[in-house]
Amino acid sequence: MSFLSLHSQSDVASCELQAERVLGGFRLGGAAPAVEWPEQGLDAVLPGAPLHATVREFWATPQHCISGIDEGVAWRRAGDVLYGVIELDEADFADGACPPLQSAAESAYRRIFHVLEAQGGLQLWRVWNYMAEINAETHGLERYRQFNIGRQEAFEAVCSAVDQAPAACALGVRSGPLSIAFLAGKVPIRPIENPRQLSAYCYPETYGPRSPVFARGALVYPPGQEVLFISGTASIVGHRTVHHDDVVAQVRESLANVRAVMDEANRHVRGGAFECAMLVCRIYLRHAGDRLQVEAVMSEQFAGAHCQYVEADVCRSDLLVEIEAMASQPR
Ligand code: 3EB
């Protein structure tokens with residue numbers, strides 16, 4: 001059994017049994033019975049699933065886990081791999097000079113870095129960022145851009161090396177706190193960039209005063225394993241959105257980008273080459289009604305890949321779809 005494996009369960013009740021072997025995970029959709037492990041909840045419609053359906057995804061490990069809560073970060077650790085979740089209510093940051101979301105983002109990342117330091121100098125591998133109203137403008141700036149300021153401030157204060165930025169995604173959900181989940185480990189990541197896209201940390205200022213800090217992908221190394229994380233990937237070429245208002249063309253372009261990241265990763269893999277059919281994908285749709293069209297492209301181009309659809313707002317208002325993926329192989 002691999003050190004780290006992602007499982008998915010729509011029957012949320014049966015998760016309890018395996019609690020001591022779960023590092024942490026995600027709850028997609030609505031409410032569900034509480035679990036013992038750190039869980040990131042996404043308040044979102046699951047296109048194609050029954051109304052109010054909930055899907056639970058979790059990282060299982062054969063290893064014994066230890067857990068704790070420090071600085072508001074709920075974490076669990078197996079060997080040198082740690083999964084954590086922090087949720088911050090923006091209302092608690094409303095008294096400063098900065099937009100509350102910016103302050104919350106900076107605070108969340110600072111706390112995460114503190115915890116990773118206290119855990120013996122772990123490095124971020126993969127980060128999942130969710131917030132409400134991601135495209136809304138307040139304080140004269142789109143909220144995603146406010147988030148980027150706070151995130152970059154924390155990265156610059158703590159770990160200035162942008163070339164060690166983790167794989168990531170950042171999406172808008174219906175409601176809830178700023179929610180950040182992460183995987184981290186002792187072994188440094190191998191960041192992967194996409195030759196078809198400008199690195200996000202080099203985006204021009206037209207996309208906000210401070211650029212996003214993430215790598216297009218990352219190869220990470222749990223014991224005996226090689227895991228590829230492909231960050232949230234959209235219909236962007238260079239730094240520009242392409243195929244406005246055309247969801248099918250946007251999915252095709254996104255998949256061309258996913259392939260490009262995978263090809264780039266395959267130049268650096270230690271095990272065999274990763275292939276499309278090995279991918280476990282999460283597909284974010286701005287409009288749940290686009291699912292059938294998107295699904296048709298997915299099965300044509302990425303036959304065999306596992307797809308979980310989630311309705312969410314992509315961080316540029318002209319983007320209709322974003323696709324993230326992971327794959328794992330023994331090493
Ligand atoms: C993009 O390529 C699309 O801010 O962490 C993708 C992955 C995107 C991660 C992030 C944003 C993020 O710019 C958006």
# chains A, B, ... in the order shown; residues from 1 in each chain; ligands from 1

$ select_by_dssp --residues "region 123-252 of chain A" --states "strand (DSSP E or B)" --output "JSON, numbers by chain"
{"A": [123, 124, 125, 126, 127, 128, 129, 130, 131, 132, 137, 138, 141, 142, 167, 168, 169, 170, 171, 172, 173, 178, 179, 180, 181, 182, 183, 184, 185, 190, 191, 192, 197, 215, 217, 218, 219, 220, 225, 226, 227, 228, 229, 230, 231, 232, 233, 236, 237, 238, 240, 241]}

$ residues_around --residues "Val269 (chain A)" --least-positions-apart "5" --cutoff "10 Å" --atoms "only C-alpha atoms" --output "ChimeraX atom specification"
/A:190,219,226-228,262-264,274,331

$ residues_near_ligand --ligand "ligand 1" --cutoff "6 Å" --atoms "only C-alpha atoms and all ligand atoms" --output "list in words"
Ala168, Cys169, Ala170, Ala200, Pro212, Phe214, Ser231, Gly232, Thr233, Ala234 and Cys315 of chain A

$ closest_residue --among "A:Leu141, A:Val248, A:Ile69, A:Ala49" --to "Gly208 (chain A)" --atoms "only C-alpha atoms"
A:Leu141

$ closest_residue --among "A:Gly238, A:Gly217, A:Pro100, A:Pro222" --to "Arg196 (chain A)" --atoms "only C-alpha atoms"
A:Gly238

$ residues_around --residues "Arg316 (chain A)" --least-positions-apart "6" --cutoff "12 Å" --atoms "only C-alpha atoms" --output "JSON, numbers by chain"
{"A": [133, 134, 135, 136, 142, 143, 144, 145, 170, 171, 172, 206, 207, 208, 233, 234, 235, 236, 239, 240, 241, 242, 244, 286, 322]}

$ residues_around --residues "Met278 (chain A)" --least-positions-apart "2" --cutoff "12 Å" --atoms "only C-alpha atoms" --output "PyMOL selection string"
chain A and resi 227-229+262+272-276+280-281+302-307+325-329

$ closest_residue --among "A:Arg291, A:Arg282, A:Leu116, A:Asn194" --to "Ala256 (chain A)" --atoms "only C-alpha atoms"
A:Asn194

$ closest_residue --among "A:Gly150, A:Asp313, A:Val247, A:Ala277" --to "Ala296 (chain A)" --atoms "only C-alpha atoms"
A:Val247

$ closest_atom_pairs --of "region 73-103 of chain A" --to "region 20-34 of chain A" --cutoff "7 Å" --atoms "only C-alpha atoms" --output "JSON lines"
{"residue": "A:Arg76", "atom": "CA", "partner": "A:Leu23", "partner_atom": "CA", "distance": 5.5}
{"residue": "A:Arg77", "atom": "CA", "partner": "A:Leu23", "partner_atom": "CA", "distance": 6.6}
{"residue": "A:Tyr83", "atom": "CA", "partner": "A:Gly24", "partner_atom": "CA", "distance": 6.1}

$ closest_residue --among "A:Val85, A:Ala165, A:Ala97, A:Ala218" --to "Trp128 (chain A)" --atoms "only C-alpha atoms"
A:Val85

$ residues_around --residues "Asp290 (chain A)" --least-positions-apart "3" --cutoff "9 Å" --atoms "only C-alpha atoms" --output "list in words"
Pro47, Val247, Val248, Leu285, Arg286, His287, Gln293, Val294, Glu295 and Leu320 of chain A

$ select_by_dssp --residues "region 107-307 of chain A" --states "alpha helix (DSSP H)" --output "PyMOL selection string"
chain A and resi 107-118+143-158+247-266+291-301

$ write_last_selection --atoms "C-alpha atoms" --output "mmCIF file, in the first residue's frame"
data_model
loop_
_atom_site.group_PDB
_atom_site.id
_atom_site.type_symbol
_atom_site.label_atom_id
_atom_site.label_comp_id
_atom_site.auth_asym_id
_atom_site.auth_seq_id
_atom_site.Cartn_x
_atom_site.Cartn_y
_atom_site.Cartn_z
ATOM 1 C CA SER A 107 -2.374 35.616 8.884
ATOM 2 C CA ALA A 108 -3.353 32.160 7.635
ATOM 3 C CA TYR A 109 -0.122 31.712 5.701
ATOM 4 C CA ARG A 110 2.015 33.038 8.555
ATOM 5 C CA ARG A 111 0.382 30.532 10.893
ATOM 6 C CA ILE A 112 0.895 27.707 8.426
ATOM 7 C CA PHE A 113 4.580 28.620 8.103
ATOM 8 C CA HIS A 114 4.935 28.742 11.905
ATOM 9 C CA VAL A 115 3.428 25.293 12.256
ATOM 10 C CA LEU A 116 5.672 23.897 9.525
ATOM 11 C CA GLU A 117 8.674 25.441 11.253
ATOM 12 C CA ALA A 118 7.634 23.993 14.627
ATOM 13 C CA ARG A 143 -11.126 39.936 -3.607
ATOM 14 C CA TYR A 144 -8.860 37.385 -5.297
ATOM 15 C CA ARG A 145 -6.337 40.185 -5.717
ATOM 16 C CA GLN A 146 -6.684 41.121 -2.042
ATOM 17 C CA PHE A 147 -5.971 37.487 -1.200
ATOM 18 C CA ASN A 148 -2.875 37.546 -3.419
ATOM 19 C CA ILE A 149 -1.452 40.536 -1.543
ATOM 20 C CA GLY A 150 -1.804 38.800 1.809
ATOM 21 C CA ARG A 151 -0.429 35.498 0.533
ATOM 22 C CA GLN A 152 2.586 37.124 -1.072
ATOM 23 C CA GLU A 153 3.327 39.203 2.031
ATOM 24 C CA ALA A 154 3.502 36.039 4.116
ATOM 25 C CA PHE A 155 5.617 34.166 1.577
ATOM 26 C CA GLU A 156 8.069 37.051 1.338
ATOM 27 C CA ALA A 157 8.313 37.394 5.096
ATOM 28 C CA VAL A 158 8.941 33.731 5.722
ATOM 29 C CA VAL A 247 -16.596 26.704 -22.300
ATOM 30 C CA VAL A 248 -15.732 23.852 -24.676
ATOM 31 C CA ALA A 249 -12.763 25.726 -26.115
ATOM 32 C CA GLN A 250 -11.704 26.669 -22.569
ATOM 33 C CA VAL A 251 -11.697 23.030 -21.446
ATOM 34 C CA ARG A 252 -9.652 22.024 -24.485
ATOM 35 C CA GLU A 253 -7.122 24.770 -23.796
ATOM 36 C CA SER A 254 -7.022 23.837 -20.098
ATOM 37 C CA LEU A 255 -6.332 20.216 -21.014
ATOM 38 C CA ALA A 256 -3.569 21.288 -23.389
ATOM 39 C CA ASN A 257 -2.072 23.073 -20.378
ATOM 40 C CA VAL A 258 -2.532 20.053 -18.105
ATOM 41 C CA ARG A 259 -0.758 17.917 -20.719
ATOM 42 C CA ALA A 260 2.028 20.492 -20.977
ATOM 43 C CA VAL A 261 2.587 20.410 -17.211
ATOM 44 C CA MET A 262 2.534 16.607 -17.264
ATOM 45 C CA ASP A 263 5.015 16.505 -20.173
ATOM 46 C CA GLU A 264 7.259 18.913 -18.315
ATOM 47 C CA ALA A 265 7.009 16.771 -15.164
ATOM 48 C CA ASN A 266 7.819 13.670 -17.200
ATOM 49 C CA ARG A 291 -21.123 19.840 -16.998
ATOM 50 C CA LEU A 292 -22.316 17.649 -19.881
ATOM 51 C CA GLN A 293 -20.342 19.639 -22.450
ATOM 52 C CA VAL A 294 -17.229 19.538 -20.288
ATOM 53 C CA GLU A 295 -17.662 15.846 -19.518
ATOM 54 C CA ALA A 296 -17.812 15.055 -23.239
ATOM 55 C CA VAL A 297 -14.437 16.741 -23.797
ATOM 56 C CA MET A 298 -12.945 15.053 -20.739
ATOM 57 C CA SER A 299 -13.904 11.545 -21.850
ATOM 58 C CA GLU A 300 -12.714 12.223 -25.384
ATOM 59 C CA GLN A 301 -9.334 13.687 -24.372
#
